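A quick write-up on the structure given underneath.
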Amino acid sequence: MSAKKWFTLEEANSLLPFVDQQLTKMQAIKREFEHKYMELRRLKNEAAERQQTEKDPFFVEEAALEFLQIEARGLIEHFQGTGIELKDIDTGLVDFPAMLDGEEVLLCWRQGEDRIRFYHGLHDGFAGRRPLADE
(Lines give C-alpha, C1' and ligand atoms only; values in the text may rest on other atoms or scores of the structure.)
Protein backbone atom coordinates (compact mmCIF):
# COMPACT_ATOMS: atom_id res chain seq x y z
CA MET A 1 0.00 0.00 0.00
CA SER A 2 1.43 3.37 -0.97
CA ALA A 3 1.78 6.33 1.35
CA LYS A 4 -0.88 9.02 1.21
CA LYS A 5 -0.10 11.81 -1.23
CA TRP A 6 -0.29 15.37 0.08
CA PHE A 7 -0.54 18.21 -2.41
CA THR A 8 0.61 21.76 -1.99
CA LEU A 9 -1.72 24.38 -3.41
CA GLU A 10 0.81 25.05 -6.17
CA GLU A 11 1.06 21.34 -7.10
CA ALA A 12 -2.72 20.95 -7.13
CA ASN A 13 -3.21 24.04 -9.28
CA SER A 14 -0.53 22.85 -11.72
CA LEU A 15 -2.46 19.58 -12.16
CA LEU A 16 -5.74 21.27 -13.09
CA PRO A 17 -5.20 21.03 -16.89
CA PHE A 18 -4.64 17.25 -16.51
CA VAL A 19 -7.64 16.94 -14.19
CA ASP A 20 -9.86 18.91 -16.57
CA GLN A 21 -8.77 16.75 -19.52
CA GLN A 22 -9.42 13.51 -17.63
CA LEU A 23 -12.80 14.71 -16.39
CA THR A 24 -13.81 15.70 -19.92
CA LYS A 25 -12.92 12.19 -21.14
CA MET A 26 -14.87 10.57 -18.29
CA GLN A 27 -17.89 12.80 -18.92
CA ALA A 28 -17.88 11.93 -22.64
CA ILE A 29 -17.71 8.20 -21.89
CA LYS A 30 -20.51 8.53 -19.35
CA ARG A 31 -22.74 10.36 -21.85
CA GLU A 32 -22.00 7.79 -24.54
CA PHE A 33 -22.71 4.94 -22.12
CA GLU A 34 -26.04 6.48 -21.07
CA HIS A 35 -27.04 7.00 -24.70
CA LYS A 36 -26.11 3.44 -25.72
CA TYR A 37 -27.78 1.99 -22.62
CA MET A 38 -31.06 3.77 -23.35
CA GLU A 39 -30.91 2.63 -26.99
CA LEU A 40 -30.29 -0.96 -25.91
CA ARG A 41 -33.27 -0.81 -23.52
CA ARG A 42 -35.43 0.47 -26.36
CA LEU A 43 -34.28 -2.31 -28.67
CA LYS A 44 -34.89 -4.95 -26.01
CA ASN A 45 -38.38 -3.61 -25.32
CA GLU A 46 -39.19 -3.71 -29.04
CA ALA A 47 -37.85 -7.27 -29.31
CA ALA A 48 -39.95 -8.35 -26.30
CA GLU A 49 -43.06 -6.85 -27.87
CA ARG A 50 -42.36 -8.79 -31.09
CA GLN A 51 -41.50 -11.87 -29.01
CA GLN A 52 -38.23 -12.11 -30.89
CA THR A 53 -36.49 -15.42 -30.23
CA GLU A 54 -33.11 -14.84 -31.89
CA LYS A 55 -30.41 -16.32 -29.61
CA ASP A 56 -28.52 -13.10 -28.69
CA PRO A 57 -29.54 -10.20 -30.91
CA PHE A 58 -27.94 -7.61 -28.59
CA PHE A 59 -24.43 -8.99 -28.29
CA VAL A 60 -22.78 -6.11 -30.18
CA GLU A 61 -24.62 -3.42 -28.17
CA GLU A 62 -23.90 -5.14 -24.85
CA ALA A 63 -20.23 -5.58 -25.77
CA ALA A 64 -19.98 -1.87 -26.61
CA LEU A 65 -21.42 -1.00 -23.20
CA GLU A 66 -19.00 -3.36 -21.50
CA PHE A 67 -16.08 -1.79 -23.37
CA LEU A 68 -17.16 1.69 -22.24
CA GLN A 69 -17.34 0.47 -18.64
CA ILE A 70 -13.82 -0.96 -18.88
CA GLU A 71 -12.52 2.24 -20.46
CA ALA A 72 -14.16 4.38 -17.76
CA ARG A 73 -12.89 2.14 -14.97
CA GLY A 74 -9.35 2.41 -16.35
CA LEU A 75 -9.54 6.20 -16.53
CA ILE A 76 -10.92 6.44 -13.00
CA GLU A 77 -8.29 4.07 -11.57
CA HIS A 78 -5.48 5.97 -13.32
CA PHE A 79 -6.91 9.26 -12.08
CA GLN A 80 -7.25 8.04 -8.49
CA GLY A 81 -3.73 6.59 -8.67
CA THR A 82 -2.46 10.16 -8.71
CA GLY A 83 -3.84 10.67 -5.19
CA ILE A 84 -6.56 13.04 -6.37
CA GLU A 85 -10.02 12.18 -5.05
CA LEU A 86 -12.77 12.07 -7.66
CA LYS A 87 -16.02 13.19 -6.04
CA ASP A 88 -18.45 13.74 -8.95
CA ILE A 89 -17.87 13.16 -12.65
CA ASP A 90 -20.90 15.17 -13.82
CA THR A 91 -20.00 18.38 -12.01
CA GLY A 92 -16.26 17.77 -12.30
CA LEU A 93 -15.71 17.87 -8.55
CA VAL A 94 -12.34 16.74 -7.17
CA ASP A 95 -10.42 17.05 -3.92
CA PHE A 96 -6.68 17.15 -3.32
CA PRO A 97 -5.52 15.93 0.12
CA ALA A 98 -3.37 18.60 1.75
CA MET A 99 -2.07 19.89 5.05
CA LEU A 100 -3.16 23.37 6.05
CA ASP A 101 -1.88 24.84 9.30
CA GLY A 102 -1.07 21.34 10.56
CA GLU A 103 -4.57 20.02 9.80
CA GLU A 104 -5.47 17.47 7.13
CA VAL A 105 -7.87 19.10 4.66
CA LEU A 106 -9.07 18.67 1.12
CA LEU A 107 -8.36 21.36 -1.44
CA CYS A 108 -11.62 21.50 -3.37
CA TRP A 109 -11.95 22.27 -7.09
CA ARG A 110 -14.89 22.11 -9.45
CA GLN A 111 -14.50 22.02 -13.22
CA GLY A 112 -14.82 25.51 -14.66
CA GLU A 113 -13.06 27.25 -11.77
CA ASP A 114 -9.82 28.92 -12.88
CA ARG A 115 -7.87 27.68 -9.84
CA ILE A 116 -8.33 26.17 -6.41
CA ARG A 117 -9.85 28.76 -4.11
CA PHE A 118 -11.52 26.58 -1.46
CA TYR A 119 -10.85 23.79 0.99
CA HIS A 120 -12.90 21.79 3.47
CA GLY A 121 -12.38 19.32 6.28
CA LEU A 122 -12.25 15.60 5.61
CA HIS A 123 -15.91 15.10 6.49
CA ASP A 124 -17.40 18.47 5.53
CA GLY A 125 -17.88 17.92 1.81
CA PHE A 126 -18.65 20.51 -0.84
CA ALA A 127 -21.24 22.28 1.36
CA GLY A 128 -18.52 22.95 3.94
CA ARG A 129 -16.16 24.69 1.53
CA ARG A 130 -14.27 27.62 2.97
CA PRO A 131 -12.13 30.11 1.07
CA LEU A 132 -8.37 29.73 1.30
CA ALA A 133 -6.68 32.47 3.29
CA ASP A 134 -5.05 34.08 0.25
CA GLU A 135 -8.41 34.46 -1.55
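Residues in the C-alpha coordinates are named by chain (A, B, ... in the order shown) and by number from 1 within that chain; ligands are numbered from 1 in the order shown.
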Next on the checklist: Can you pull out the residues contacting Leu122 of chain A? Cut-off 10 Å, using only C-alpha atoms, and skip same-chain residues under 2 positions away; I want them as a ChimeraX atom specification.
Outcome noted: /A:95,97,103-107,119-120,124-125,128
Item to check | DSSP-assigned strand (DSSP E) members of segment 48-128 of chain A, reported as JSON, numbers by chain | outcome: {"A": [85, 86, 87, 88, 93, 94, 95, 96, 97, 98, 99, 100, 103, 104, 105, 106, 107, 108, 109, 110, 118, 119, 120]}
Next on the checklist: Let me make sure I understand: among A:Met99, A:Cys108, A:Glu113, A:Lys25, which one has the smallest atom-to-atom distance to Phe7 of chain A if we use only C-alpha atoms?
Outcome noted: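 For Phe7 of chain A, the nearest of the candidates is A:Met99.
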Next on the checklist: Using only C-alpha atoms for the distances, tell me which of A:Phe118, A:Ala133, A:Ala72, A:Gly81 is nearest to Gln27 of chain A.
Outcome noted: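 So, comparing all the options, the nearest one is A:Ala72.
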Checklist entry - What is the distance, in Å and to one decimal place, between atom CA of Arg31 of chain A and atom CA of Ala63 of chain A? => result 16.6 Å
Next on the checklist: Set the distance at 12 Å and use only C-alpha atoms: which residues neighbour Gln69 of chain A once local chain neighbours fewer than 2 positions away are removed? I'd like the list as a PyMOL selection string.
Outcome noted: chain A and resi 26+29-34+36-37+62-67+71-76
For the residues in that selection, give me N, CA and C atoms as a PDB file, in the first residue's frame.
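Final output, out-v4.pdb:
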```pdb
ATOM      1  N   MET A  26     -13.926  11.369 -19.081  1.00  0.00           N
ATOM      2  CA  MET A  26     -14.870  10.572 -18.292  1.00  0.00           C
ATOM      3  C   MET A  26     -16.313  10.999 -18.560  1.00  0.00           C
ATOM      4  N   ILE A  29     -17.426   9.640 -21.963  1.00  0.00           N
ATOM      5  CA  ILE A  29     -17.707   8.205 -21.887  1.00  0.00           C
ATOM      6  C   ILE A  29     -19.027   7.965 -21.170  1.00  0.00           C
ATOM      7  N   LYS A  30     -19.254   8.697 -20.102  1.00  0.00           N
ATOM      8  CA  LYS A  30     -20.509   8.527 -19.353  1.00  0.00           C
ATOM      9  C   LYS A  30     -21.715   8.871 -20.224  1.00  0.00           C
ATOM     10  N   ARG A  31     -21.635   9.978 -20.953  1.00  0.00           N
ATOM     11  CA  ARG A  31     -22.743  10.363 -21.847  1.00  0.00           C
ATOM     12  C   ARG A  31     -22.974   9.303 -22.924  1.00  0.00           C
ATOM     13  N   GLU A  32     -21.873   8.810 -23.507  1.00  0.00           N
ATOM     14  CA  GLU A  32     -21.995   7.787 -24.538  1.00  0.00           C
ATOM     15  C   GLU A  32     -22.605   6.511 -23.961  1.00  0.00           C
ATOM     16  N   PHE A  33     -22.166   6.141 -22.767  1.00  0.00           N
ATOM     17  CA  PHE A  33     -22.714   4.944 -22.119  1.00  0.00           C
ATOM     18  C   PHE A  33     -24.221   5.105 -21.890  1.00  0.00           C
ATOM     19  N   GLU A  34     -24.613   6.249 -21.346  1.00  0.00           N
ATOM     20  CA  GLU A  34     -26.038   6.476 -21.066  1.00  0.00           C
ATOM     21  C   GLU A  34     -26.863   6.424 -22.350  1.00  0.00           C
ATOM     22  N   LYS A  36     -26.082   4.814 -25.225  1.00  0.00           N
ATOM     23  CA  LYS A  36     -26.109   3.436 -25.722  1.00  0.00           C
ATOM     24  C   LYS A  36     -26.992   2.554 -24.841  1.00  0.00           C
ATOM     25  N   TYR A  37     -26.962   2.784 -23.546  1.00  0.00           N
ATOM     26  CA  TYR A  37     -27.777   1.988 -22.621  1.00  0.00           C
ATOM     27  C   TYR A  37     -29.270   2.213 -22.896  1.00  0.00           C
ATOM     28  N   GLU A  62     -24.339  -4.854 -26.223  1.00  0.00           N
ATOM     29  CA  GLU A  62     -23.905  -5.144 -24.852  1.00  0.00           C
ATOM     30  C   GLU A  62     -22.381  -5.123 -24.741  1.00  0.00           C
ATOM     31  N   ALA A  63     -21.691  -5.617 -25.770  1.00  0.00           N
ATOM     32  CA  ALA A  63     -20.229  -5.585 -25.768  1.00  0.00           C
ATOM     33  C   ALA A  63     -19.716  -4.145 -25.797  1.00  0.00           C
ATOM     34  N   ALA A  64     -20.385  -3.283 -26.560  1.00  0.00           N
ATOM     35  CA  ALA A  64     -19.984  -1.869 -26.610  1.00  0.00           C
ATOM     36  C   ALA A  64     -20.139  -1.216 -25.245  1.00  0.00           C
ATOM     37  N   LEU A  65     -21.224  -1.543 -24.545  1.00  0.00           N
ATOM     38  CA  LEU A  65     -21.423  -1.003 -23.195  1.00  0.00           C
ATOM     39  C   LEU A  65     -20.343  -1.510 -22.237  1.00  0.00           C
ATOM     40  N   GLU A  66     -20.026  -2.786 -22.350  1.00  0.00           N
ATOM     41  CA  GLU A  66     -18.996  -3.359 -21.501  1.00  0.00           C
ATOM     42  C   GLU A  66     -17.639  -2.694 -21.758  1.00  0.00           C
ATOM     43  N   PHE A  67     -17.338  -2.458 -23.023  1.00  0.00           N
ATOM     44  CA  PHE A  67     -16.084  -1.792 -23.369  1.00  0.00           C
ATOM     45  C   PHE A  67     -16.029  -0.387 -22.759  1.00  0.00           C
ATOM     46  N   GLU A  71     -13.266   1.014 -20.164  1.00  0.00           N
ATOM     47  CA  GLU A  71     -12.522   2.244 -20.457  1.00  0.00           C
ATOM     48  C   GLU A  71     -12.679   3.259 -19.325  1.00  0.00           C
ATOM     49  N   ALA A  72     -13.900   3.436 -18.850  1.00  0.00           N
ATOM     50  CA  ALA A  72     -14.156   4.383 -17.760  1.00  0.00           C
ATOM     51  C   ALA A  72     -13.449   3.938 -16.487  1.00  0.00           C
ATOM     52  N   ARG A  73     -13.533   2.660 -16.179  1.00  0.00           N
ATOM     53  CA  ARG A  73     -12.887   2.141 -14.974  1.00  0.00           C
ATOM     54  C   ARG A  73     -11.381   2.384 -15.027  1.00  0.00           C
ATOM     55  N   GLY A  74     -10.778   2.164 -16.197  1.00  0.00           N
ATOM     56  CA  GLY A  74      -9.347   2.407 -16.350  1.00  0.00           C
ATOM     57  C   GLY A  74      -8.986   3.865 -16.147  1.00  0.00           C
ATOM     58  N   LEU A  75      -9.778   4.761 -16.722  1.00  0.00           N
ATOM     59  CA  LEU A  75      -9.537   6.203 -16.535  1.00  0.00           C
ATOM     60  C   LEU A  75      -9.657   6.592 -15.059  1.00  0.00           C
ATOM     61  N   ILE A  76     -10.690   6.098 -14.412  1.00  0.00           N
ATOM     62  CA  ILE A  76     -10.916   6.439 -13.003  1.00  0.00           C
ATOM     63  C   ILE A  76      -9.791   5.896 -12.133  1.00  0.00           C
TER      64      ILE A  76
END
```
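The nearest approach to Leu15 of chain A among the residues A:Gly102, A:Leu132, A:Thr91, A:Ile84, with only C-alpha atoms taken into account, belongs to A:Ile84.
One finds atom CA of Glu39 of chain A at 27.8 Å from atom CA of Lys87 of chain A.
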Checklist outcome for this item: Nearest to Gln22 of chain A, restricted to only C-alpha atoms and choosing among A:Arg117, A:Arg130, A:Arg110, A:His78, comes out as A:His78
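Interatomic distance, atom CA of Thr24 of chain A to atom CA of Leu93 of chain A: 11.7 Å.
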Next on the checklist: Using only C-alpha atoms, which protein or nucleic acid residues come within 7 Å of Glu85 of chain A? Drop anything in the same chain fewer than 4 positions from it, and give the result as a list in words.
Outcome noted: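 Non-adjacent residues within range: Gln80, Val94, Asp95 and Phe96 of chain A.
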Write the residues you've just listed into a file as a PDB file, in the first residue's frame, and include N, CA, C and O atoms for each of them.
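The resulting file, selection.pdb, is reproduced below:
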```pdb
ATOM      1  N   GLN A  80      -7.349   8.181  -9.946  1.00  0.00           N
ATOM      2  CA  GLN A  80      -7.246   8.036  -8.493  1.00  0.00           C
ATOM      3  C   GLN A  80      -5.848   7.614  -8.066  1.00  0.00           C
ATOM      4  O   GLN A  80      -5.439   7.904  -6.947  1.00  0.00           O
ATOM      5  N   VAL A  94     -13.478  17.522  -7.671  1.00  0.00           N
ATOM      6  CA  VAL A  94     -12.344  16.742  -7.168  1.00  0.00           C
ATOM      7  C   VAL A  94     -11.775  17.401  -5.921  1.00  0.00           C
ATOM      8  O   VAL A  94     -11.944  18.605  -5.699  1.00  0.00           O
ATOM      9  N   ASP A  95     -11.110  16.577  -5.118  1.00  0.00           N
ATOM     10  CA  ASP A  95     -10.423  17.054  -3.916  1.00  0.00           C
ATOM     11  C   ASP A  95      -8.971  16.604  -3.963  1.00  0.00           C
ATOM     12  O   ASP A  95      -8.664  15.512  -4.449  1.00  0.00           O
ATOM     13  N   PHE A  96      -8.100  17.441  -3.437  1.00  0.00           N
ATOM     14  CA  PHE A  96      -6.682  17.152  -3.319  1.00  0.00           C
ATOM     15  C   PHE A  96      -6.333  17.112  -1.833  1.00  0.00           C
ATOM     16  O   PHE A  96      -6.442  18.147  -1.156  1.00  0.00           O
TER      17      PHE A  96
END
```
Checklist entry - From the set A:Pro131, A:Ala98, A:Glu61, A:Glu77, which residue has the shortest atom-to-atom contact distance to Arg41 of chain A, counting only C-alpha atoms? => result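 Under the stated criterion, the closest residue is A:Glu61.
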Checklist entry - So which residues of chain A fall under alpha helix (DSSP H) by DSSP, listed as number ranges by chain? => result A: 9-14, 16-50, 59-81
Checklist outcome for this item: The residue from A:Ala127, A:Leu86, A:Leu43, A:Ile116 with the smallest atom-to-atom distance to Ala12 of chain A, counting only C-alpha atoms, is A:Ile116
